[in-house]
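Colleague: Sharing a structure here in structure tokens format.
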Amino acid sequence: MKQGDLLTAPAFELVGGDTARLVLRGDWVVTALSDVDRALGNGALADGTTLTEVDVSELGSLDTAGAFLIDRTLREIGGDPALTGASVEVQALLQQARTLATQEEHAPPVIEEGHGFVDLLERTGRNAEHLWHEALESLSFLGATLAALSTIIWRPAKMRWTALVSVMEEAGLDAVPIIAFLSFFVGMVVAFIGATTLAQFGATIFVVELVGFGVLRELGGVLVAIIIAGRTNSAFTAQIGAMKMRQEIDAMQTLGLDPMHVIVAPRVLAMMIMVPVLTFIGMLTAIAGGMSVGWLILDINPTVFFNRLQDNVPIDQFWIGMSKAPVFGLAIALIGCRQGLEVGGSVQSLGQHTTKSVVQALFAIIVIDAFFALFYQELGI
């Protein structure tokens, strides 16, 4: 049926006596089935009549909903009536409806999870086991990635340099505006919060140290990593997952190409290079945001702000923040690539792994940052 054509209301008629013939007319499509479904549900055909034939020669349009309704009615009546006047498309739709109904009848029952204390413990145990397996698979993927990178170091010809530069541009340079914009405003917020608290003690000048230590040591690197996890990590999973769905990776392996060299290694190297660069840009713009608040709100001259920052915030705070950046980049790229390679053949699988990729990346960033904090705390830095 063409778009714009008027639908003919679906109808049915029983012709004959005890051995009747069922004649179907009109368009049996989802938007016009409510009345005829109600009529069938009222038992119009369930009065002991034995059907010998179902005539669909006067049937107009038919979609899967209409086919399901016809098939359901025939299964409820029973018997094996002959189907007459059916085109190839109608036969295919009715057969598909019968197949799906049969599969549904033989499907295992859905086990509903309880809400008791024992069920809570069971779910907690399953989630803990799943987390353990995910950690093991991530470590295994890390090992395979390091092996691929070591191979590339000894044989640089295996590296896809064009892909490396392309990922650096897409994941790095294209992210500079959003990194700079958000970091600037985060620096302003830190300065505002610090100024509000320090003003109670008449020590607003110490907002310089607050911005310096906070941005250089923690906020600069973590903020950039979180932005990259939401922006680039999901893009990696979606790109690789789409390649998996189109069987491009299978074709690649058939040609003798290793996906770890072609797909994973360029992305990992690009992120390990560009995340530190983006972190440096984020630190500068966040300090600029704090400096703007100090100048416009607290009457701290930019020259005074910069000199105080230079005198009272050690340079090792900058290097502590920068030392985390390559590790964040490595973790983000590994998780994005691994989840992309885990995608199955459906769009639903792609969406699930993309969501899982972002969640795991954020989880990894927080855990890595905590380990770094403990490590530097033990070193007394």
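Ordered as shown in the structure tokens, chains take letters A, B, and onward, while each chain numbers its residues from 1 and ligands are numbered from 1 in the order shown.
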Find the residues around range 255-264 of chain A up to 12 Å (only C-alpha atoms counted), leave out those fewer than 3 positions away in its own chain, and share them as a ChimeraX atom specification.

Modeller: /A:141-153,155-164,167,236-237,239-241,243-244,248-252,267-271,330,332-341

Colleague: Of the candidates A:Thr279, A:Gln96, A:Thr64, A:Thr73, which one gets nearest to Arg38 in chain A if we count only C-alpha atoms?

Modeller: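 Closest to Arg38 in chain A of all the choices is A:Thr73.
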
Colleague: Please, which residues in range 175-242 of chain A fall within 8 Å of range 288-296 of chain A when counting only C-alpha atoms, and what is the closest atom pair and distance in Å to one decimal for each, ordered by chain then residue number, as a tab-separated table?

Modeller:
residue	atom	partner	partner_atom	distance
A:Ser183	CA	A:Gly289	CA	7.7
A:Phe184	CA	A:Gly289	CA	4.5
A:Phe185	CA	A:Gly289	CA	6.0
A:Val186	CA	A:Gly289	CA	7.4
A:Gly187	CA	A:Gly289	CA	4.7
A:Met188	CA	A:Gly289	CA	4.6
A:Val189	CA	A:Gly290	CA	7.7
A:Val190	CA	A:Gly290	CA	7.0
A:Ala191	CA	A:Gly290	CA	5.1
A:Phe192	CA	A:Val293	CA	6.9
A:Val207	CA	A:Gly294	CA	7.8
A:Val208	CA	A:Gly290	CA	7.8
A:Val211	CA	A:Gly290	CA	6.3

Colleague: Create the file for the chosen residues now, containing N, CA and C atoms and written as a PDB file, in the first residue's frame.

Modeller:
ATOM      1  N   SER A 183      37.240  23.510  31.565  1.00  0.00           N
ATOM      2  CA  SER A 183      38.282  23.712  32.577  1.00  0.00           C
ATOM      3  C   SER A 183      38.285  25.153  33.083  1.00  0.00           C
ATOM      4  N   PHE A 184      38.071  26.098  32.171  1.00  0.00           N
ATOM      5  CA  PHE A 184      38.030  27.509  32.572  1.00  0.00           C
ATOM      6  C   PHE A 184      36.944  27.732  33.629  1.00  0.00           C
ATOM      7  N   PHE A 185      35.769  27.189  33.378  1.00  0.00           N
ATOM      8  CA  PHE A 185      34.671  27.418  34.320  1.00  0.00           C
ATOM      9  C   PHE A 185      34.853  26.619  35.612  1.00  0.00           C
ATOM     10  N   VAL A 186      35.473  25.447  35.538  1.00  0.00           N
ATOM     11  CA  VAL A 186      35.768  24.713  36.777  1.00  0.00           C
ATOM     12  C   VAL A 186      36.761  25.504  37.625  1.00  0.00           C
ATOM     13  N   GLY A 187      37.757  26.114  36.997  1.00  0.00           N
ATOM     14  CA  GLY A 187      38.690  26.975  37.733  1.00  0.00           C
ATOM     15  C   GLY A 187      37.975  28.146  38.391  1.00  0.00           C
ATOM     16  N   MET A 188      37.004  28.709  37.688  1.00  0.00           N
ATOM     17  CA  MET A 188      36.225  29.807  38.269  1.00  0.00           C
ATOM     18  C   MET A 188      35.420  29.329  39.481  1.00  0.00           C
ATOM     19  N   VAL A 189      34.814  28.142  39.357  1.00  0.00           N
ATOM     20  CA  VAL A 189      34.007  27.614  40.467  1.00  0.00           C
ATOM     21  C   VAL A 189      34.875  27.351  41.685  1.00  0.00           C
ATOM     22  N   VAL A 190      36.053  26.762  41.485  1.00  0.00           N
ATOM     23  CA  VAL A 190      36.960  26.507  42.610  1.00  0.00           C
ATOM     24  C   VAL A 190      37.342  27.818  43.284  1.00  0.00           C
ATOM     25  N   ALA A 191      37.634  28.825  42.499  1.00  0.00           N
ATOM     26  CA  ALA A 191      38.007  30.119  43.068  1.00  0.00           C
ATOM     27  C   ALA A 191      36.834  30.750  43.811  1.00  0.00           C
ATOM     28  N   PHE A 192      35.631  30.646  43.258  1.00  0.00           N
ATOM     29  CA  PHE A 192      34.450  31.195  43.933  1.00  0.00           C
ATOM     30  C   PHE A 192      34.231  30.525  45.278  1.00  0.00           C
ATOM     31  N   VAL A 207      43.298  32.085  48.039  1.00  0.00           N
ATOM     32  CA  VAL A 207      42.595  31.422  46.946  1.00  0.00           C
ATOM     33  C   VAL A 207      43.577  31.052  45.834  1.00  0.00           C
ATOM     34  N   VAL A 208      44.675  31.757  45.757  1.00  0.00           N
ATOM     35  CA  VAL A 208      45.697  31.426  44.751  1.00  0.00           C
ATOM     36  C   VAL A 208      46.251  30.027  45.001  1.00  0.00           C
ATOM     37  N   VAL A 211      43.537  27.319  44.256  1.00  0.00           N
ATOM     38  CA  VAL A 211      43.393  27.027  42.823  1.00  0.00           C
ATOM     39  C   VAL A 211      44.620  26.280  42.309  1.00  0.00           C
TER      40      VAL A 211
END

Colleague: Compare A:Arg75, A:Phe117, A:Pro276, A:Lys324 by their minimum atom-to-atom distance to Arg98 in chain A, counting only C-alpha atoms, and give me the closest one.

Modeller: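 Of the candidates, the smallest distance to Arg98 in chain A is held by A:Arg75.
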
Colleague: As a PyMOL selection string, please: the residues near range 22-30 of chain A (cut-off 6 Å, only C-alpha atoms, same-chain neighbours under 5 positions excluded).

Modeller: chain A and resi 8-14+54-56+58-63+65-66

Colleague: Write the residues you've just listed into a file as a PDB file, in the first residue's frame, and include N, CA and C atoms for each of them.

Modeller:
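Contents of the output file result35.pdb:
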ATOM      1  N   THR A   8      -8.812   0.221   4.284  1.00  0.00           N
ATOM      2  CA  THR A   8     -10.129  -0.408   4.357  1.00  0.00           C
ATOM      3  C   THR A   8     -10.206  -1.184   5.656  1.00  0.00           C
ATOM      4  N   ALA A   9     -11.275  -0.981   6.407  1.00  0.00           N
ATOM      5  CA  ALA A   9     -11.380  -1.624   7.719  1.00  0.00           C
ATOM      6  C   ALA A   9     -11.302  -3.132   7.576  1.00  0.00           C
ATOM      7  N   PRO A  10     -10.523  -3.798   8.415  1.00  0.00           N
ATOM      8  CA  PRO A  10     -10.445  -5.261   8.338  1.00  0.00           C
ATOM      9  C   PRO A  10     -11.771  -5.887   8.797  1.00  0.00           C
ATOM     10  N   ALA A  11     -12.131  -6.971   8.145  1.00  0.00           N
ATOM     11  CA  ALA A  11     -13.394  -7.653   8.486  1.00  0.00           C
ATOM     12  C   ALA A  11     -13.234  -9.126   8.184  1.00  0.00           C
ATOM     13  N   PHE A  12     -14.138  -9.931   8.756  1.00  0.00           N
ATOM     14  CA  PHE A  12     -14.140 -11.365   8.477  1.00  0.00           C
ATOM     15  C   PHE A  12     -15.590 -11.834   8.383  1.00  0.00           C
ATOM     16  N   GLU A  13     -15.792 -12.934   7.686  1.00  0.00           N
ATOM     17  CA  GLU A  13     -17.142 -13.475   7.503  1.00  0.00           C
ATOM     18  C   GLU A  13     -17.061 -14.989   7.461  1.00  0.00           C
ATOM     19  N   LEU A  14     -17.977 -15.605   8.183  1.00  0.00           N
ATOM     20  CA  LEU A  14     -18.086 -17.060   8.151  1.00  0.00           C
ATOM     21  C   LEU A  14     -19.110 -17.452   7.102  1.00  0.00           C
ATOM     22  N   VAL A  54      -9.671 -21.079   4.821  1.00  0.00           N
ATOM     23  CA  VAL A  54      -9.498 -19.657   5.112  1.00  0.00           C
ATOM     24  C   VAL A  54      -9.179 -18.964   3.794  1.00  0.00           C
ATOM     25  N   ASP A  55     -10.086 -18.106   3.352  1.00  0.00           N
ATOM     26  CA  ASP A  55      -9.955 -17.441   2.058  1.00  0.00           C
ATOM     27  C   ASP A  55      -9.403 -16.030   2.280  1.00  0.00           C
ATOM     28  N   VAL A  56      -8.208 -15.775   1.801  1.00  0.00           N
ATOM     29  CA  VAL A  56      -7.586 -14.448   1.947  1.00  0.00           C
ATOM     30  C   VAL A  56      -7.435 -13.759   0.598  1.00  0.00           C
ATOM     31  N   GLU A  58      -9.467 -11.772  -0.801  1.00  0.00           N
ATOM     32  CA  GLU A  58      -9.961 -10.398  -0.748  1.00  0.00           C
ATOM     33  C   GLU A  58      -9.199  -9.563   0.286  1.00  0.00           C
ATOM     34  N   LEU A  59      -8.115 -10.128   0.800  1.00  0.00           N
ATOM     35  CA  LEU A  59      -7.306  -9.408   1.803  1.00  0.00           C
ATOM     36  C   LEU A  59      -6.526  -8.295   1.118  1.00  0.00           C
ATOM     37  N   GLY A  60      -6.532  -7.108   1.746  1.00  0.00           N
ATOM     38  CA  GLY A  60      -5.764  -5.986   1.194  1.00  0.00           C
ATOM     39  C   GLY A  60      -4.334  -6.035   1.683  1.00  0.00           C
ATOM     40  N   SER A  61      -3.988  -5.069   2.549  1.00  0.00           N
ATOM     41  CA  SER A  61      -2.632  -5.035   3.113  1.00  0.00           C
ATOM     42  C   SER A  61      -2.566  -5.916   4.345  1.00  0.00           C
ATOM     43  N   LEU A  62      -1.368  -6.425   4.609  1.00  0.00           N
ATOM     44  CA  LEU A  62      -1.142  -7.268   5.777  1.00  0.00           C
ATOM     45  C   LEU A  62       0.249  -6.986   6.317  1.00  0.00           C
ATOM     46  N   ASP A  63       0.323  -6.700   7.618  1.00  0.00           N
ATOM     47  CA  ASP A  63       1.634  -6.546   8.239  1.00  0.00           C
ATOM     48  C   ASP A  63       1.818  -7.632   9.303  1.00  0.00           C
ATOM     49  N   ALA A  65       1.617  -7.514  12.528  1.00  0.00           N
ATOM     50  CA  ALA A  65       0.587  -7.525  13.565  1.00  0.00           C
ATOM     51  C   ALA A  65      -0.666  -8.244  13.077  1.00  0.00           C
ATOM     52  N   GLY A  66      -1.070  -7.955  11.820  1.00  0.00           N
ATOM     53  CA  GLY A  66      -2.229  -8.642  11.260  1.00  0.00           C
ATOM     54  C   GLY A  66      -1.980 -10.130  11.101  1.00  0.00           C
TER      55      GLY A  66
END

Colleague: Considering only helix (DSSP H, G or I) as DSSP defines it on the backbone, what residues of range 73-301 of chain A qualify? List them as a VMD selection string.

Modeller: chain A and resid 73 to 77 88 to 106 117 to 154 156 to 158 161 to 201 204 to 245 248 to 254 259 to 296
